[in-house]
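Novice: My structure is in entry.csv, and what it holds is CSV, C-alpha atoms:
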chain,number,residue,atom,x,y,z
A,1,MET,CA,-16.9,1.9,-7.7
A,2,LYS,CA,-15.9,-0.9,-5.4
A,3,ILE,CA,-12.8,-1.1,-3.2
A,4,SER,CA,-12.0,-4.2,-1.1
A,5,VAL,CA,-9.1,-5.0,1.2
A,6,GLN,CA,-9.5,-8.5,2.3
A,7,SER,CA,-7.7,-11.7,3.4
A,8,GLU,CA,-9.9,-14.1,1.5
A,9,ASP,CA,-9.5,-15.1,-2.1
A,10,PHE,CA,-11.8,-13.8,-4.9
A,11,ASP,CA,-13.5,-15.4,-7.8
A,12,LEU,CA,-12.6,-13.4,-10.9
A,13,ALA,CA,-15.6,-14.6,-13.0
A,14,GLN,CA,-18.0,-13.8,-10.2
A,15,VAL,CA,-16.5,-10.4,-9.5
A,16,LEU,CA,-16.6,-9.4,-13.2
A,17,LYS,CA,-20.2,-10.6,-13.7
A,18,GLY,CA,-21.8,-7.5,-12.3
A,19,PHE,CA,-19.0,-5.1,-13.5
A,20,GLY,CA,-19.3,-2.3,-16.0
A,21,LYS,CA,-23.0,-2.6,-16.7
A,22,ALA,CA,-23.6,1.1,-17.4
A,23,PRO,CA,-25.1,1.4,-20.9
A,24,ASN,CA,-22.4,3.9,-22.0
A,25,THR,CA,-19.6,1.3,-21.3
A,26,GLY,CA,-17.8,0.2,-24.5
A,27,ALA,CA,-14.8,-1.5,-22.9
A,28,THR,CA,-13.7,-3.2,-19.8
A,29,VAL,CA,-10.2,-4.2,-18.8
A,30,SER,CA,-9.2,-6.4,-15.9
A,31,PHE,CA,-5.8,-7.2,-14.4
A,32,THR,CA,-4.9,-9.9,-11.8
A,33,GLY,CA,-1.7,-10.0,-9.9
A,34,LEU,CA,-0.4,-13.4,-8.7
A,35,VAL,CA,2.3,-14.5,-6.3
A,36,ARG,CA,5.3,-15.3,-8.5
A,37,ASP,CA,8.0,-17.7,-7.5
A,38,ASP,CA,11.1,-17.0,-9.6
A,39,THR,CA,13.5,-19.4,-7.9
A,40,GLY,CA,11.3,-22.3,-6.8
A,41,MET,CA,12.2,-21.5,-3.2
A,42,LEU,CA,9.2,-19.5,-2.2
A,43,GLU,CA,7.2,-21.1,0.6
A,44,HIS,CA,4.8,-18.2,1.0
A,45,MET,CA,4.4,-14.5,1.0
A,46,GLU,CA,3.2,-12.4,3.9
A,47,ILE,CA,1.4,-9.2,3.0
A,48,GLU,CA,1.2,-6.7,5.8
A,49,HIS,CA,-1.2,-3.8,5.5
A,50,TYR,CA,-2.2,-0.6,7.3
A,51,PRO,CA,-6.0,-1.0,7.9
A,52,GLY,CA,-7.9,2.1,7.3
A,53,MET,CA,-5.2,3.9,5.3
A,54,CYS,CA,-5.3,1.1,2.7
A,55,GLU,CA,-8.9,1.8,1.9
A,56,ALA,CA,-8.5,5.5,2.0
A,57,ALA,CA,-5.4,5.5,-0.2
A,58,ILE,CA,-7.0,3.1,-2.8
A,59,THR,CA,-10.2,5.2,-2.9
A,60,THR,CA,-8.2,8.4,-3.6
A,61,ILE,CA,-6.3,6.6,-6.4
A,62,ALA,CA,-9.4,5.1,-7.9
A,63,GLU,CA,-11.3,8.4,-7.7
A,64,GLU,CA,-8.5,10.1,-9.5
A,65,ALA,CA,-8.5,7.4,-12.3
A,66,ALA,CA,-12.3,7.5,-12.6
A,67,THR,CA,-12.3,11.3,-13.1
A,68,ARG,CA,-9.3,11.4,-15.4
A,69,TRP,CA,-10.5,8.7,-17.8
A,70,SER,CA,-14.2,9.2,-17.3
A,71,LEU,CA,-14.6,5.7,-16.1
A,72,THR,CA,-18.1,4.2,-16.0
A,73,ASP,CA,-17.0,1.7,-13.4
A,74,CYS,CA,-13.9,0.9,-11.4
A,75,LEU,CA,-13.0,-1.9,-9.0
A,76,VAL,CA,-9.9,-2.8,-6.9
A,77,ILE,CA,-9.5,-5.8,-4.7
A,78,HIS,CA,-6.2,-6.3,-2.7
A,79,ARG,CA,-5.5,-9.2,-0.4
A,80,TYR,CA,-3.4,-9.3,2.7
A,81,GLY,CA,-2.1,-12.1,5.0
A,82,GLN,CA,-0.3,-15.3,4.0
A,83,LEU,CA,-0.4,-16.2,0.3
A,84,ARG,CA,1.2,-19.1,-1.6
A,85,PRO,CA,2.9,-19.2,-5.0
A,86,GLY,CA,0.2,-18.9,-7.7
A,87,ASP,CA,-2.4,-17.3,-5.4
A,88,GLN,CA,-4.2,-14.2,-6.6
A,89,ILE,CA,-2.9,-11.1,-4.7
A,90,MET,CA,-5.0,-8.4,-6.2
A,91,MET,CA,-7.0,-7.2,-9.2
A,92,VAL,CA,-8.2,-4.1,-10.8
A,93,ALA,CA,-11.0,-3.6,-13.3
A,94,THR,CA,-11.9,-0.5,-15.3
A,95,ALA,CA,-14.8,0.2,-17.5
A,96,ALA,CA,-14.9,3.1,-20.0
A,97,ARG,CA,-16.5,4.2,-23.2
A,98,HIS,CA,-13.4,3.2,-25.2
A,99,ARG,CA,-10.6,0.7,-24.7
A,100,VAL,CA,-7.7,3.3,-24.6
A,101,GLU,CA,-9.3,4.9,-21.5
A,102,ALA,CA,-9.9,1.5,-19.9
A,103,PHE,CA,-6.3,0.3,-20.5
A,104,GLU,CA,-4.7,3.5,-19.4
A,105,ALA,CA,-6.7,3.8,-16.2
A,106,ALA,CA,-5.9,0.2,-15.3
A,107,GLU,CA,-2.2,0.9,-15.8
A,108,TYR,CA,-2.5,4.0,-13.7
A,109,LEU,CA,-4.2,2.1,-10.9
A,110,MET,CA,-1.5,-0.5,-10.9
A,111,ASP,CA,1.4,2.0,-10.9
A,112,TYR,CA,-0.1,3.9,-8.0
A,113,LEU,CA,-1.2,0.8,-6.0
A,114,LYS,CA,2.4,-0.4,-6.2
A,115,SER,CA,4.0,2.6,-4.5
A,116,ARG,CA,1.2,4.5,-2.8
A,117,ALA,CA,-1.1,1.9,-1.2
A,118,PRO,CA,0.3,0.9,2.3
A,119,PHE,CA,1.1,-2.8,1.7
A,120,TRP,CA,4.4,-4.5,2.4
A,121,LYS,CA,5.5,-7.9,1.0
A,122,LYS,CA,7.7,-10.4,2.8
A,123,GLU,CA,9.0,-13.4,1.0
A,124,VAL,CA,9.5,-16.5,3.1
A,125,THR,CA,11.7,-19.3,1.7
A,126,ARG,CA,13.4,-22.3,3.2
A,127,GLU,CA,16.5,-20.2,3.7
A,128,GLY,CA,14.8,-17.4,5.6
A,129,ALA,CA,12.5,-14.4,5.2
A,130,ASP,CA,13.1,-11.0,3.5
A,131,TRP,CA,11.1,-7.9,3.0
A,132,VAL,CA,10.6,-7.1,-0.7
A,133,ALA,CA,12.4,-3.8,-1.4
A,134,ALA,CA,10.6,-1.1,-3.4
A,135,LYS,CA,12.2,-0.6,-6.8
A,136,ASP,CA,13.3,2.8,-8.2
A,137,ALA,CA,11.5,1.8,-11.4
A,138,ASP,CA,8.2,1.6,-9.5
A,139,GLU,CA,8.6,5.2,-8.3
A,140,GLU,CA,9.7,6.3,-11.7
A,141,ALA,CA,6.6,4.7,-13.2
A,142,LEU,CA,4.6,7.4,-11.5
A,143,ASN,CA,6.3,10.2,-13.5
A,144,ARG,CA,4.6,9.2,-16.7
A,145,TRP,CA,1.2,10.2,-15.3
B,1,MET,CA,0.2,15.5,24.1
B,2,LYS,CA,-0.5,11.8,23.5
B,3,ILE,CA,0.0,10.4,20.0
B,4,GLU,CA,-0.6,6.8,18.7
B,5,VAL,CA,2.6,5.7,16.9
B,6,LEU,CA,2.3,2.8,14.5
B,7,TYR,CA,5.1,0.8,12.9
B,8,PHE,CA,4.9,-1.5,9.9
B,9,ALA,CA,7.1,-4.1,8.1
B,10,TRP,CA,10.8,-4.0,9.1
B,11,VAL,CA,10.3,-0.9,11.1
B,12,ARG,CA,7.8,-2.8,13.3
B,13,GLU,CA,10.3,-5.7,13.6
B,14,ARG,CA,13.2,-3.5,14.6
B,15,ILE,CA,11.2,-1.7,17.2
B,16,GLY,CA,9.6,-4.9,18.4
B,17,GLU,CA,6.0,-3.7,18.6
B,18,PRO,CA,3.3,-2.7,16.1
B,19,ARG,CA,2.0,0.4,18.0
B,20,GLU,CA,2.4,2.4,21.2
B,21,THR,CA,1.1,5.5,22.8
B,22,VAL,CA,3.8,8.2,23.0
B,23,GLU,CA,3.7,11.3,25.2
B,24,THR,CA,5.5,14.0,23.3
B,25,GLU,CA,5.9,17.7,23.0
B,26,ALA,CA,7.6,17.5,19.6
B,27,ALA,CA,6.3,20.0,17.1
B,28,THR,CA,7.2,18.0,13.9
B,29,VAL,CA,7.7,14.4,12.8
B,30,MET,CA,11.4,15.0,12.8
B,31,GLY,CA,11.2,16.2,16.5
B,32,LEU,CA,9.3,13.0,17.4
B,33,VAL,CA,11.9,10.9,15.6
B,34,GLU,CA,14.7,12.6,17.5
B,35,GLU,CA,12.9,11.9,20.8
B,36,LEU,CA,12.4,8.3,20.0
B,37,LYS,CA,16.0,7.8,18.8
B,38,ALA,CA,17.2,9.2,22.1
B,39,ARG,CA,15.2,6.6,24.1
B,40,GLU,CA,16.7,3.2,23.2
B,41,PRO,CA,19.0,1.7,20.6
B,42,ARG,CA,16.2,-0.2,18.9
B,43,TYR,CA,14.7,3.2,17.9
B,44,ASP,CA,18.0,4.5,16.8
B,45,LEU,CA,18.4,1.4,14.6
B,46,ALA,CA,14.9,1.7,13.1
B,47,PHE,CA,15.3,5.4,12.3
B,48,SER,CA,19.0,5.2,11.2
B,49,ASP,CA,18.2,6.0,7.6
B,50,LEU,CA,15.3,8.3,7.1
B,51,LYS,CA,15.6,8.1,3.3
B,52,SER,CA,14.4,4.5,3.5
B,53,LEU,CA,11.4,5.5,5.6
B,54,ARG,CA,8.0,7.0,4.9
B,55,VAL,CA,5.6,8.7,7.3
B,56,ALA,CA,1.9,9.1,7.4
B,57,LEU,CA,-0.1,11.5,9.7
B,58,ASP,CA,-3.7,10.4,10.4
B,59,GLN,CA,-3.3,7.9,7.5
B,60,GLU,CA,-2.1,10.4,4.9
B,61,LEU,CA,1.5,10.3,3.5
B,62,THR,CA,3.5,13.3,4.4
B,63,ASP,CA,7.1,14.5,5.0
B,64,PHE,CA,9.3,14.4,8.1
B,65,ASP,CA,9.1,18.2,8.5
B,66,ALA,CA,5.3,18.1,8.8
B,67,SER,CA,3.7,19.6,11.9
B,68,LEU,CA,2.2,17.3,14.6
B,69,ALA,CA,-0.4,19.9,15.6
B,70,GLY,CA,-3.7,18.2,16.1
B,71,VAL,CA,-2.4,14.8,14.9
B,72,ARG,CA,-3.7,11.7,16.6
B,73,GLU,CA,-1.9,8.9,14.7
B,74,VAL,CA,1.6,8.8,13.2
B,75,ALA,CA,2.8,5.8,11.2
B,76,PHE,CA,6.3,4.9,10.1
B,77,PHE,CA,7.1,2.3,7.4
B,78,PRO,CA,9.4,1.4,4.5
B,79,PRO,CA,8.4,2.4,0.9
B,80,MET,CA,5.3,0.5,0.1
B,81,THR,CA,5.2,-2.6,-2.1
B,82,GLY,CA,1.6,-3.2,-3.1
B,83,GLY,CA,0.3,-4.5,-6.3
Translate the structure described by the file into structure tokens.

Specialist:
Amino acid sequence: MKISVQSEDFDLAQVLKGFGKAPNTGATVSFTGLVRDDTGMLEHMEIEHYPGMCEAAITTIAEEAATRWSLTDCLVIHRYGQLRPGDQIMMVATAARHRVEAFEAAEYLMDYLKSRAPFWKKEVTREGADWVAAKDADEEALNRW
Amino acid sequence: MKIEVLYFAWVRERIGEPRETVETEAATVMGLVEELKAREPRYDLAFSDLKSLRVALDQELTDFDASLAGVREVAFFPPMTGG
């Protein structure tokens, strides 16, 4: 299992190279989140984080996923600091014996990272800056697990 | 007792600093919030709607009625927006 909270970018191919190598692995899934610009106005995004609690919260979430879906490997990278449209924000990767477990565990990780890992996004546009509000749907997404 | 109090995102902006050491005798998070609110308007503004706030004690999410006994670090922040 690997957890990293970092400001620097990551190379997806490089990261996945050594991932899920246990011989009982039959499927790996990876997801990458990017900075989206819906309006063409976004200059950058500021991601604030709570050092220490971030690592602890992500580790708890990843351990839960690893146990529940018998993962053979699990990886989470989440960035903080100033990011521009198109930049990679975060990624998760899961490895399991079968694809259903790998897909479900990846979705679980994403749902929990969204509302239980202490990061806050601020969007800065030419017209000003605003904190991104948490959505009710993100909280509701946790109910299915 | 002395407690480290941390603020993140718009809570930090409203209060105007990321962290401070607070001398308090409050028994619960709610008690601490009431003490802070009574101090200065900026705290009153930051804590005006507790439903839009979350609290962590020693880096674990909890509720506003949680006890502060033995706690070293309290953090206040809006709902998280990771991912």

Novice: Which residues are near Phe31 in chain A? Cut-off 8 Å, all atoms listed in the file, ignore same chain within fewer than 5 positions. Put them as a list of chain:residue names.

Specialist: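 Listing them by chain and then by number gives A:Met91, A:Val92, A:Ala93, A:Ala106.
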
Novice: Report as a ChimeraX atom specification the set of chain A residues whose atoms approach chain B to within 7 Å, with distances computed over all atoms listed in the file.

Specialist: /A:33,48,53,90,110,113-121,134

Novice: Take the residues that were just selected and, keeping C-alpha atoms, output them as a short mmCIF file (atom, residue, chain, number, x, y, z; two decimals), keeping the file's coordinate frame.

Specialist:
data_model
loop_
_atom_site.label_atom_id
_atom_site.label_comp_id
_atom_site.auth_asym_id
_atom_site.auth_seq_id
_atom_site.Cartn_x
_atom_site.Cartn_y
_atom_site.Cartn_z
CA GLY A 33 -1.70 -10.00 -9.90
CA GLU A 48 1.20 -6.70 5.80
CA MET A 53 -5.20 3.90 5.30
CA MET A 90 -5.00 -8.40 -6.20
CA MET A 110 -1.50 -0.50 -10.90
CA LEU A 113 -1.20 0.80 -6.00
CA LYS A 114 2.40 -0.40 -6.20
CA SER A 115 4.00 2.60 -4.50
CA ARG A 116 1.20 4.50 -2.80
CA ALA A 117 -1.10 1.90 -1.20
CA PRO A 118 0.30 0.90 2.30
CA PHE A 119 1.10 -2.80 1.70
CA TRP A 120 4.40 -4.50 2.40
CA LYS A 121 5.50 -7.90 1.00
CA ALA A 134 10.60 -1.10 -3.40
#

Novice: To one decimal place in Å, what is the distance between CA of Glu63 in chain A and CA of Ile89 in chain A?

Specialist: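 Computing the Euclidean distance for CA of Glu63 in chain A and CA of Ile89 in chain A yields 21.4 Å.
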
Novice: Using Å and a single decimal, report how far CA of Gly18 in chain A sits from CA of Trp69 in chain A.

Specialist: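 These atoms are spaced 20.5 Å apart.
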
Novice: Could you tell me how far CA of Glu127 in chain A lies from CA of Gln88 in chain A, in Å and to one decimal?

Specialist: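 Taking CA of Glu127 in chain A and CA of Gln88 in chain A, their separation equals 23.9 Å.
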
Novice: Would you kindly return, as a PyMOL selection string, each protein, DNA or RNA residue with an atom no farther than 12 Å from any atom of Gly16 in chain B, considering all atoms listed in the file and excluding same-chain residues fewer than 2 positions away?

Specialist: chain B and resi 6-14+18-20+40-43+45-46

Novice: Write out, as a PDB file, in the frame of the given file, the residues just selected, with C-alpha atoms.

Specialist:
ATOM      1  CA  LEU B   6       2.300   2.800  14.500  1.00  0.00           C
ATOM      2  CA  TYR B   7       5.100   0.800  12.900  1.00  0.00           C
ATOM      3  CA  PHE B   8       4.900  -1.500   9.900  1.00  0.00           C
ATOM      4  CA  ALA B   9       7.100  -4.100   8.100  1.00  0.00           C
ATOM      5  CA  TRP B  10      10.800  -4.000   9.100  1.00  0.00           C
ATOM      6  CA  VAL B  11      10.300  -0.900  11.100  1.00  0.00           C
ATOM      7  CA  ARG B  12       7.800  -2.800  13.300  1.00  0.00           C
ATOM      8  CA  GLU B  13      10.300  -5.700  13.600  1.00  0.00           C
ATOM      9  CA  ARG B  14      13.200  -3.500  14.600  1.00  0.00           C
ATOM     10  CA  PRO B  18       3.300  -2.700  16.100  1.00  0.00           C
ATOM     11  CA  ARG B  19       2.000   0.400  18.000  1.00  0.00           C
ATOM     12  CA  GLU B  20       2.400   2.400  21.200  1.00  0.00           C
ATOM     13  CA  GLU B  40      16.700   3.200  23.200  1.00  0.00           C
ATOM     14  CA  PRO B  41      19.000   1.700  20.600  1.00  0.00           C
ATOM     15  CA  ARG B  42      16.200  -0.200  18.900  1.00  0.00           C
ATOM     16  CA  TYR B  43      14.700   3.200  17.900  1.00  0.00           C
ATOM     17  CA  LEU B  45      18.400   1.400  14.600  1.00  0.00           C
ATOM     18  CA  ALA B  46      14.900   1.700  13.100  1.00  0.00           C
TER      19      ALA B  46
END

Novice: Residues proximal to (6.7, 7.9, 25.9) were defined as those with any atom within 12 Å of that point in the file's coordinates, counting only C-alpha atoms. Which are they, as a list in words?

Specialist: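 Output of the proximity query reads Met1, Lys2, Ile3, Glu4, Val5, Arg19, Glu20, Thr21, Val22, Glu23, Thr24, Glu25, Ala26, Leu32, Val33, Glu35, Leu36, Lys37, Ala38, Arg39 and Glu40 of chain B.
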
Novice: With distances taken over only C-alpha atoms, which of A:Ala129, A:Val100, A:Ile58, A:Ala141 is nearest to Leu42 in chain A?

Specialist: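 Looking only at the distances to Leu42 in chain A, the closest residue turns out to be A:Ala129.
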
Novice: Report as a ChimeraX atom specification all protein, DNA and RNA residues lying within 10 Å of Ala96 in chain A, evaluated on only C-alpha atoms, omitting residues in the same chain fewer than 4 positions from it.

Specialist: /A:20,22,24-29,66,69-74,100-103,105

Novice: Here is a test: counting only C-alpha atoms, which residue of A:Glu64, A:Glu139, A:Asp87, A:Glu107 is nearest to Asp11 in chain A?

Specialist: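 Residue with the minimum atom-to-atom distance to Asp11 in chain A: A:Asp87.
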